[in-house]
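Structure data follow from protein_13.txt (compact mmCIF, C-alpha atoms):
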```
# COMPACT_ATOMS: atom_id res chain seq x y z
CA MET A 1 28.56 34.35 168.76
CA THR A 2 26.99 34.91 172.16
CA ILE A 3 29.80 33.09 173.90
CA ILE A 4 32.50 35.24 172.32
CA HIS A 5 30.60 38.37 173.28
CA THR A 6 30.40 37.23 176.91
CA ILE A 7 34.11 36.52 177.10
CA ALA A 8 34.93 39.91 175.65
CA ILE A 9 32.81 41.66 178.26
CA MET A 10 34.31 39.56 181.03
CA PHE A 11 37.78 40.48 179.95
CA PHE A 12 37.34 44.20 179.52
CA ASP A 13 35.11 44.66 182.51
CA MET A 14 37.38 43.15 185.08
CA HIS A 15 39.15 45.28 187.64
CA GLU A 16 41.37 42.23 188.11
CA LEU A 17 43.00 43.23 184.84
CA ALA A 18 44.40 46.40 186.42
CA MET A 19 45.58 44.35 189.38
CA ALA A 20 47.17 41.70 187.11
CA GLN A 21 49.05 44.48 185.31
CA ALA A 22 50.46 45.73 188.63
CA ILE A 23 51.55 42.17 189.50
CA LEU A 24 53.26 41.82 186.12
CA ASP A 25 55.04 45.18 186.53
CA GLU A 26 56.37 44.11 189.91
CA ALA A 27 57.44 40.69 188.57
CA GLN A 28 59.33 42.27 185.68
CA GLN A 29 61.10 44.67 188.03
CA GLN A 30 62.15 41.82 190.32
CA VAL A 31 63.44 39.73 187.40
CA GLU A 32 65.57 42.64 186.28
CA ALA A 33 66.81 43.42 189.79
CA HIS A 34 67.85 39.81 190.38
CA ARG A 35 69.25 39.31 186.87
CA ALA A 36 66.92 36.35 186.36
CA HIS A 37 65.28 35.19 183.14
CA ARG A 38 61.85 34.08 184.06
CA VAL A 39 59.29 33.94 186.83
CA LEU A 40 58.13 30.53 188.06
CA THR A 41 55.77 31.37 190.90
CA ILE A 42 54.23 34.49 192.39
CA ARG A 43 52.74 34.12 195.88
CA LEU A 44 49.88 36.45 196.66
CA GLN A 45 47.71 37.21 199.65
CA VAL A 46 44.17 38.18 198.79
CA GLY A 47 41.91 39.12 201.70
CA GLU A 48 38.31 37.97 201.86
CA LEU A 49 37.21 41.61 201.69
CA SER A 50 39.21 42.34 198.58
CA THR A 51 37.12 42.65 195.45
CA ALA A 52 39.67 40.59 193.51
CA MET A 53 38.35 37.20 192.46
CA PRO A 54 41.23 34.69 192.41
CA GLU A 55 39.94 32.98 189.23
CA ALA A 56 39.59 36.28 187.38
CA LEU A 57 43.01 37.42 188.61
CA THR A 58 44.61 34.22 187.35
CA PHE A 59 42.82 34.49 184.02
CA SER A 60 43.81 38.16 183.54
CA PHE A 61 47.39 37.40 184.44
CA GLU A 62 47.58 34.54 181.94
CA VAL A 63 46.39 36.84 179.19
CA ILE A 64 48.65 39.82 179.86
CA SER A 65 51.81 37.87 180.79
CA LYS A 66 51.97 36.19 177.39
CA ASP A 67 55.38 36.72 175.73
CA THR A 68 56.85 38.23 178.90
CA CYS A 69 59.29 36.81 181.45
CA ALA A 70 56.26 35.85 183.57
CA GLN A 71 54.55 33.74 180.93
CA ASP A 72 53.49 30.42 182.48
CA ALA A 73 54.25 31.70 185.98
CA LYS A 74 51.95 30.21 188.57
CA LEU A 75 49.91 32.54 190.77
CA ASP A 76 49.82 30.92 194.20
CA ILE A 77 46.96 32.73 195.91
CA THR A 78 46.25 32.47 199.64
CA ARG A 79 42.93 33.83 200.84
CA VAL A 80 43.29 35.80 204.07
CA PRO A 81 40.29 35.49 206.40
CA TRP A 82 38.49 38.63 207.49
CA ARG A 83 39.27 39.38 211.14
CA ILE A 84 37.83 42.07 213.37
CA ARG A 85 38.68 43.57 216.74
CA CYS A 86 35.36 43.99 218.53
CA SER A 87 34.53 47.65 219.21
CA SER A 88 33.00 46.79 222.60
CA CYS A 89 35.12 44.06 224.22
CA GLN A 90 38.25 44.21 221.99
CA LYS A 91 38.13 40.48 221.27
CA GLU A 92 39.71 39.58 217.93
CA TYR A 93 37.70 37.12 215.88
CA ARG A 94 37.20 35.73 212.42
CA VAL A 95 34.09 36.87 210.57
CA HIS A 96 31.93 34.14 209.08
CA ASP A 97 29.30 34.66 206.39
CA ARG A 98 30.22 38.34 206.22
CA LEU A 99 28.33 39.05 209.42
CA ALA A 100 30.60 40.76 211.91
CA LEU A 101 29.07 39.69 215.23
CA CYS A 102 31.35 39.25 218.23
CA PRO A 103 31.23 35.66 219.55
CA GLU A 104 32.10 36.98 223.02
CA CYS A 105 29.71 39.90 223.60
CA ASN A 106 27.47 39.78 220.51
CA SER A 107 28.21 43.39 219.50
CA ALA A 108 28.26 44.20 215.81
CA GLY A 109 31.34 45.49 214.05
CA GLY A 110 34.72 46.82 215.00
CA GLU A 111 38.07 47.52 213.41
CA THR A 112 39.09 45.30 210.53
CA ILE A 113 42.56 43.93 211.34
CA ALA A 114 42.90 41.54 208.39
CA GLY A 115 41.06 40.70 205.20
CA LYS A 116 41.74 43.68 202.93
CA GLU A 117 45.12 42.36 201.71
CA LEU A 118 46.03 42.41 198.05
CA MET A 119 49.75 41.83 197.98
CA ILE A 120 52.68 39.91 196.60
CA THR A 121 54.63 38.18 199.37
CA GLU A 122 57.15 36.08 197.48
CA MET A 123 58.37 35.18 194.01
CA GLU A 124 60.37 32.33 192.59
CA VAL A 125 62.57 33.25 189.63
CA GLU A 126 65.35 31.57 187.69
CA MET B 1 65.77 28.92 191.19
CA THR B 2 65.82 31.90 193.52
CA ARG B 3 63.21 32.75 196.09
CA ILE B 4 62.60 36.45 196.60
CA LYS B 5 60.70 37.96 199.52
CA VAL B 6 58.74 40.81 198.05
CA ILE B 7 55.89 42.30 200.16
CA ALA B 8 54.48 44.60 197.52
CA ASP B 9 50.98 46.05 197.73
CA ILE B 10 49.39 45.42 194.35
CA LEU B 11 47.43 48.65 194.57
CA GLU B 12 50.46 50.71 195.61
CA SER B 13 51.07 52.26 192.19
CA ASN B 14 47.51 53.59 192.21
CA ALA B 15 47.81 54.64 195.85
CA ARG B 16 50.94 56.65 194.98
CA ILE B 17 49.12 58.55 192.23
CA ALA B 18 46.15 59.08 194.55
CA ARG B 19 48.48 60.61 197.18
CA GLN B 20 49.85 62.99 194.55
CA ASN B 21 46.30 63.96 193.60
CA ALA B 22 45.51 64.53 197.29
CA GLU B 23 48.54 66.85 197.56
CA ILE B 24 47.25 68.88 194.62
CA PHE B 25 43.83 69.17 196.31
CA ASN B 26 45.32 70.02 199.70
CA GLU B 27 47.51 72.78 198.27
CA VAL B 28 44.45 74.71 197.12
CA GLY B 29 42.19 73.65 200.01
CA LEU B 30 39.77 71.88 197.69
CA TYR B 31 37.39 69.31 199.19
CA VAL B 32 36.90 66.27 196.96
CA ILE B 33 34.32 63.53 197.22
CA ASN B 34 34.23 60.22 195.40
CA LEU B 35 30.56 59.40 194.82
CA MET B 36 29.88 55.70 194.39
CA GLY B 37 26.81 53.50 193.94
CA SER B 38 25.00 51.06 191.67
CA PRO B 39 23.79 52.02 188.21
CA GLY B 40 20.39 53.62 188.71
CA ALA B 41 20.81 54.33 192.42
CA GLY B 42 20.35 58.02 191.65
CA LYS B 43 23.90 59.39 191.68
CA THR B 44 23.30 61.93 188.94
CA SER B 45 19.94 63.01 190.41
CA LEU B 46 21.68 63.51 193.74
CA LEU B 47 24.34 65.57 192.00
CA GLU B 48 21.71 67.71 190.31
CA TRP B 49 20.00 68.47 193.61
CA THR B 50 23.30 69.06 195.41
CA VAL B 51 24.57 71.43 192.73
CA LYS B 52 21.29 73.39 192.71
CA ALA B 53 21.26 73.62 196.51
CA LEU B 54 24.89 74.60 196.98
CA SER B 55 26.02 76.48 193.89
CA GLU B 56 25.09 79.81 195.49
CA HIS B 57 27.36 79.11 198.44
CA LEU B 58 30.12 76.99 196.91
CA ARG B 59 32.07 76.87 193.68
CA ILE B 60 31.55 73.32 192.46
CA GLY B 61 33.18 71.22 189.76
CA VAL B 62 32.08 67.77 188.63
CA ILE B 63 33.90 64.85 187.03
CA GLU B 64 31.60 62.23 185.54
CA GLY B 65 32.91 58.70 185.16
CA ASP B 66 31.06 56.36 182.84
CA ILE B 67 31.96 53.42 180.67
CA GLN B 68 30.44 55.22 177.70
CA SER B 69 28.43 58.33 176.73
CA SER B 70 28.31 61.88 178.04
CA ILE B 71 24.63 61.85 179.06
CA ASP B 72 25.43 62.53 182.72
CA ALA B 73 27.90 65.32 181.99
CA GLU B 74 25.31 67.02 179.80
CA ARG B 75 22.74 66.81 182.60
CA ILE B 76 25.08 68.49 185.07
CA SER B 77 26.55 71.10 182.75
CA ARG B 78 23.00 72.26 181.99
CA LEU B 79 23.04 73.61 185.55
CA GLY B 80 25.91 75.91 184.65
CA ILE B 81 28.55 73.83 186.42
CA LYS B 82 31.84 72.96 184.84
CA THR B 83 31.67 69.22 184.16
CA VAL B 84 34.26 66.93 182.65
CA GLN B 85 33.31 63.50 181.37
CA ILE B 86 35.68 60.55 181.58
CA ASN B 87 34.73 57.54 179.50
CA THR B 88 36.59 54.54 180.85
CA GLY B 89 35.98 52.55 177.66
CA GLY B 90 35.13 49.39 179.54
CA ALA B 91 36.89 49.74 182.87
CA CYS B 92 34.48 49.28 185.74
CA HIS B 93 35.94 51.98 188.02
CA LEU B 94 37.91 55.23 188.00
CA ASP B 95 41.46 55.22 189.35
CA GLY B 96 43.92 57.89 190.40
CA ASN B 97 45.52 58.11 187.00
CA MET B 98 42.27 58.32 185.04
CA ILE B 99 41.15 61.53 186.74
CA ARG B 100 44.51 63.29 186.10
CA PRO B 101 43.74 64.68 182.63
CA ALA B 102 40.34 65.85 183.87
CA LEU B 103 41.99 67.83 186.70
CA ASP B 104 43.89 69.88 184.11
CA ASP B 105 40.57 71.03 182.68
CA PHE B 106 39.68 72.84 185.91
CA ASN B 107 41.16 75.85 187.59
CA LEU B 108 41.27 74.04 190.93
CA LYS B 109 42.11 77.23 192.86
CA GLU B 110 38.73 78.60 191.93
CA LEU B 111 36.79 75.63 193.26
CA ASP B 112 35.59 74.78 196.79
CA LEU B 113 34.16 71.35 196.06
CA LEU B 114 34.95 68.76 193.43
CA ILE B 115 32.56 65.84 193.09
CA VAL B 116 33.76 62.80 191.20
CA GLU B 117 30.90 60.52 190.17
CA ASN B 118 32.38 57.07 189.84
CA VAL B 119 31.26 54.36 187.43
CA GLY B 120 28.01 52.74 188.63
CA ASN B 121 29.25 49.67 190.49
CA LEU B 122 29.29 48.46 194.10
CA VAL B 123 32.45 46.42 193.74
CA CYS B 124 35.79 47.82 192.61
CA PRO B 125 35.39 51.61 192.97
CA ALA B 126 35.88 50.92 196.69
CA GLU B 127 39.32 49.49 196.02
CA PHE B 128 40.86 52.30 193.92
CA GLU B 129 41.72 55.56 195.70
CA LEU B 130 41.46 58.78 193.71
CA GLY B 131 42.99 61.10 196.31
CA GLU B 132 39.57 62.13 197.61
CA ASP B 133 38.78 63.50 201.07
CA ALA B 134 35.75 61.27 201.49
CA LYS B 135 33.99 58.42 199.80
CA VAL B 136 30.24 58.92 199.68
CA MET B 137 28.06 55.99 198.84
CA LEU B 138 24.53 56.06 197.49
CA LEU B 139 22.27 53.03 197.90
CA SER B 140 18.61 52.98 196.90
CA VAL B 141 15.97 51.09 198.86
CA THR B 142 14.95 49.19 195.72
CA GLU B 143 18.33 47.44 195.84
CA GLY B 144 17.51 45.74 199.15
CA ASP B 145 18.88 45.82 202.69
CA ASP B 146 21.26 42.88 202.16
CA LYS B 147 23.80 44.99 200.26
CA PRO B 148 26.10 45.73 203.24
CA GLN B 149 26.70 41.99 203.61
CA LYS B 150 27.18 41.46 199.90
CA TYR B 151 29.51 44.38 199.24
CA PRO B 152 31.20 44.98 202.61
CA LEU B 153 34.28 46.81 201.34
CA MET B 154 32.21 49.61 199.81
CA PHE B 155 30.43 50.22 203.14
CA GLN B 156 33.69 49.98 205.09
CA GLN B 157 35.43 52.62 203.01
CA SER B 158 32.61 55.17 202.88
CA ALA B 159 32.34 58.13 205.24
CA VAL B 160 28.72 58.71 204.28
CA LEU B 161 25.92 56.42 203.18
CA LEU B 162 22.94 58.06 201.51
CA VAL B 163 19.91 55.77 201.34
CA ASN B 164 17.92 57.04 198.37
CA LYS B 165 14.34 56.56 197.13
CA VAL B 166 12.82 56.36 200.64
CA ASP B 167 9.57 57.56 199.02
CA LEU B 168 9.33 54.02 197.58
CA LEU B 169 9.60 52.28 200.97
CA PRO B 170 5.87 51.35 201.10
CA TYR B 171 6.33 49.32 197.91
CA VAL B 172 9.54 47.41 198.62
CA ASP B 173 10.70 44.88 201.22
CA CYS B 174 13.56 46.93 202.53
CA SER B 175 14.23 48.52 205.90
CA VAL B 176 16.39 51.61 206.33
CA ASP B 177 17.01 50.58 209.95
CA VAL B 178 18.38 47.23 208.80
CA ILE B 179 20.63 48.93 206.22
CA GLU B 180 21.88 51.28 208.93
CA GLU B 181 22.48 48.51 211.44
CA ARG B 182 24.35 46.32 208.94
CA SER B 183 26.40 49.26 207.68
CA ARG B 184 27.44 50.24 211.19
CA ALA B 185 28.50 46.65 211.83
CA LEU B 186 31.02 47.18 209.03
CA ASN B 187 31.93 50.77 209.75
CA THR B 188 31.02 52.28 213.12
CA ALA B 189 31.83 55.82 211.95
CA ILE B 190 29.63 55.82 208.82
CA GLU B 191 27.06 58.65 208.65
CA VAL B 192 23.72 57.50 207.29
CA PHE B 193 21.23 59.90 205.66
CA PRO B 194 17.89 58.52 204.37
CA ILE B 195 16.91 60.69 201.39
CA SER B 196 14.68 60.95 198.36
CA CYS B 197 15.94 62.82 195.32
CA LYS B 198 12.35 62.73 194.04
CA THR B 199 10.57 64.34 197.01
CA HIS B 200 13.74 66.06 198.35
CA GLU B 201 13.10 64.54 201.77
CA GLY B 202 16.19 64.33 203.98
CA LEU B 203 18.49 66.22 201.63
CA GLU B 204 19.09 69.19 203.96
CA PRO B 205 21.23 67.23 206.46
CA TRP B 206 23.32 65.97 203.55
CA SER B 207 24.01 69.44 202.17
CA ALA B 208 24.77 70.66 205.71
CA TRP B 209 27.31 67.83 206.05
CA LEU B 210 28.95 68.82 202.78
CA LYS B 211 29.08 72.54 203.64
CA LYS B 212 30.63 71.77 207.00
CA HIS B 213 33.38 69.60 205.52
CA VAL B 214 34.13 71.95 202.64
CA GLY B 215 34.38 74.82 205.13
CA GLU B 216 36.68 72.92 207.46
CA LYS B 217 39.04 72.07 204.63
CA ARG B 218 39.08 75.69 203.41
CA GLU B 219 39.92 76.98 206.88
CA GLY B 220 42.39 74.23 207.61
CA GLY B 221 44.22 75.17 204.41
```
Give the structure from this file in structure tokens form.
Amino acid sequence: MTIIHTIAIMFFDMHELAMAQAILDEAQQQVEAHRAHRVLTIRLQVGELSTAMPEALTFSFEVISKDTCAQDAKLDITRVPWRIRCSSCQKEYRVHDRLALCPECNSAGGETIAGKELMITEMEVE
Amino acid sequence: MTRIKVIADILESNARIARQNAEIFNEVGLYVINLMGSPGAGKTSLLEWTVKALSEHLRIGVIEGDIQSSIDAERISRLGIKTVQINTGGACHLDGNMIRPALDDFNLKELDLLIVENVGNLVCPAEFELGEDAKVMLLSVTEGDDKPQKYPLMFQQSAVLLVNKVDLLPYVDCSVDVIEERSRALNTAIEVFPISCKTHEGLEPWSAWLKKHVGEKREGG
């Protein structure tokens, strides 16, 4: 009883569901445009700053793609590291442990140049 | 098997709707803020104070986003402000499309400021644009000063950070300076206002900020 309740909350509470729906919409459009029948793989880039959890995205997609041309399609997710251009010395560096401290001059913060991605880069269809 | 290069932003369909919303707001010179924060941070209390302080000077409308109930909308409409409740029925954030029907309930030409109170959550509201002019984030000192590191996107996207419940600082292990420093590391332009909705400390600079931005949008057309 408790377990079922938890799953239900997980499912309906996830923002990944909205994202999975957008992925499915795009996949269906591409299948139609390329006169294909089904989707085998969808390659995604998900930045470290994105609030999308890869596991939850995969789970949501499995649920909503049932009985569509993307059923059983594999989501191939690449995490994109968070990178910053230092506001003081302009050095570009990768942020570790979510603490944006420049390894060159020790200043905090700067412009985020990568890490917010949430995009489809490639699909395999047949 | 065919390989297709796609390059499609997953959030683009929402971003498109948000841009349409922004056009609607821009046409009538209406300034819109997207108010975000944890459940219990004090978003509705902040709204109550803000409405009381500014309703003589500005025509304000409020959209309340909650998973369920209309408790918040009732609190605000008691102040004589037109308030529309959106119940997301489970969704953890508002998106561009969800606020559309609510916009039809207002005569937007007769408003100067529209405040959209998002669902209480530090995660996904940061990811879904509504078409707002500014994201304003409310964090209370009882939540701790580690939040910028734990929810960086929210701090990155916000123009303003209000640090609420500073009257409780003697009782909690939290430093406003640390919050400010960590927030600036994520977003150098963020404006930080320490406030208390209980004692009303620090709220004047916030209302001055709002008046300034509403005025600029009005004049800019």
(message) Ranking B:Asn87, B:Asn97, B:Ser70, B:Ser38 by minimum distance to B:Ala15 and counting all atoms listed in the file, which one comes first?
(response) B:Asn97
(message) Using all atoms listed in the file and a cut-off of 7 Å, which residues of chain A sit close to chain B? Please list them as a PyMOL selection string.
(response) chain A and resi 12-15+19+22-23+49+51+98-100+108-110+118-126
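Going from atom CA of A:Phe61 to atom CA of A:Ala18 covers 9.7 Å.
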(request) For each of B:Gly144, B:Gly80, B:Gly220, B:Gly61, take the minimum atom-to-atom distance to B:Asn107, counting all atoms listed in the file, then give the residue where this is smallest. (result)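 Ranking B:Gly144, B:Gly80, B:Gly220, B:Gly61 by distance to B:Asn107, first place goes to B:Gly61.
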(request) Select, from A:Leu40, A:Val80, A:Cys86, A:Ala70, the residue with the minimum atom-to-atom distance to A:Cys102, counting only C-alpha atoms. (result)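 Of all the options, A:Cys86 lies closest to A:Cys102.
Between B:Asp112 and the candidates B:Arg19, B:His200, B:Lys82, B:Arg218, the tightest atom-to-atom separation, counting all atoms listed in the file, involves B:Arg218.
The shortest atom-to-atom distance to B:Leu130, with only C-alpha atoms taken into account, belongs to B:Arg100 out of B:Arg59, B:Arg100, B:His213, B:Lys165.
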(message) From the options B:Val119, B:Val192, B:Ala208, B:Leu162, which residue's atoms come nearest to B:Thr88, counting all atoms listed in the file?
(response)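 When distances to B:Thr88 are compared using all atoms listed in the file, the smallest one comes from B:Val119.
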(request) Give me, please, the distance in Å between atom CA of B:Asn121 and atom CA of B:Ser45, quoted to one decimal. (result)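 Interatomic distance here is 16.3 Å.
For the atom pair formed by atom CA of B:Ala22 and atom CA of B:Gln85, the distance is 20.1 Å, given to one decimal.
By chain and then residue number, the residues within 8 Å of A:Ala20 are Glu16, Leu17, Ile23, Leu24, Leu57, Thr58, Ser60, Phe61 and Ile64 of chain A, counting all atoms listed in the file and disregarding those fewer than 3 positions away in sequence.
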Keeping C-alpha atoms, write stretch 66-122 of chain B of the structure just shown out as a tab-separated table (two decimals), in the first residue's frame.
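Contents of decode33.tsv, as written:
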```
chain	number	residue	atom	x	y	z
B	66	ASP	CA	-0.42	25.53	-6.04
B	67	ILE	CA	-0.71	21.80	-6.41
B	68	GLN	CA	-4.04	21.94	-4.61
B	69	SER	CA	-6.37	24.30	-2.70
B	70	SER	CA	-7.19	27.98	-3.01
B	71	ILE	CA	-6.01	29.00	0.47
B	72	ASP	CA	-3.40	31.40	-0.89
B	73	ALA	CA	-5.73	33.01	-3.42
B	74	GLU	CA	-8.27	33.62	-0.66
B	75	ARG	CA	-5.60	35.29	1.48
B	76	ILE	CA	-4.64	37.68	-1.31
B	77	SER	CA	-8.13	38.43	-2.60
B	78	ARG	CA	-9.09	39.49	0.93
B	79	LEU	CA	-6.85	42.50	0.29
B	80	GLY	CA	-9.10	43.56	-2.58
B	81	ILE	CA	-6.71	42.39	-5.30
B	82	LYS	CA	-7.84	40.37	-8.26
B	83	THR	CA	-6.36	36.91	-7.73
B	84	VAL	CA	-6.59	33.83	-9.91
B	85	GLN	CA	-5.72	30.42	-8.55
B	86	ILE	CA	-4.15	27.74	-10.71
B	87	ASN	CA	-4.16	24.24	-9.26
B	88	THR	CA	-1.56	22.19	-11.08
B	89	GLY	CA	-3.09	18.92	-9.88
B	90	GLY	CA	0.27	17.39	-9.09
B	91	ALA	CA	2.71	19.21	-11.34
B	92	CYS	CA	5.56	20.68	-9.34
B	93	HIS	CA	5.88	23.95	-11.30
B	94	LEU	CA	3.93	26.39	-13.47
B	95	ASP	CA	4.75	26.60	-17.17
B	96	GLY	CA	3.97	29.06	-19.94
B	97	ASN	CA	0.88	27.23	-21.04
B	98	MET	CA	-0.60	26.80	-17.56
B	99	ILE	CA	-0.83	30.54	-16.93
B	100	ARG	CA	-2.60	31.21	-20.27
B	101	PRO	CA	-6.19	30.64	-19.10
B	102	ALA	CA	-5.50	32.75	-16.01
B	103	LEU	CA	-4.36	35.67	-18.19
B	104	ASP	CA	-7.79	35.76	-19.82
B	105	ASP	CA	-9.34	36.42	-16.43
B	106	PHE	CA	-7.54	39.77	-16.14
B	107	ASN	CA	-7.90	42.97	-18.06
B	108	LEU	CA	-4.14	43.22	-18.52
B	109	LYS	CA	-4.33	46.79	-19.86
B	110	GLU	CA	-5.57	47.90	-16.47
B	111	LEU	CA	-2.68	46.39	-14.55
B	112	ASP	CA	0.83	47.72	-13.82
B	113	LEU	CA	2.21	44.66	-12.07
B	114	LEU	CA	1.35	40.99	-12.28
B	115	ILE	CA	2.86	38.69	-9.67
B	116	VAL	CA	2.83	34.98	-10.37
B	117	GLU	CA	3.45	32.93	-7.24
B	118	ASN	CA	4.93	29.66	-8.42
B	119	VAL	CA	4.48	26.27	-6.77
B	120	GLY	CA	6.64	25.99	-3.62
B	121	ASN	CA	9.75	24.24	-4.90
B	122	LEU	CA	13.43	25.15	-5.39
```
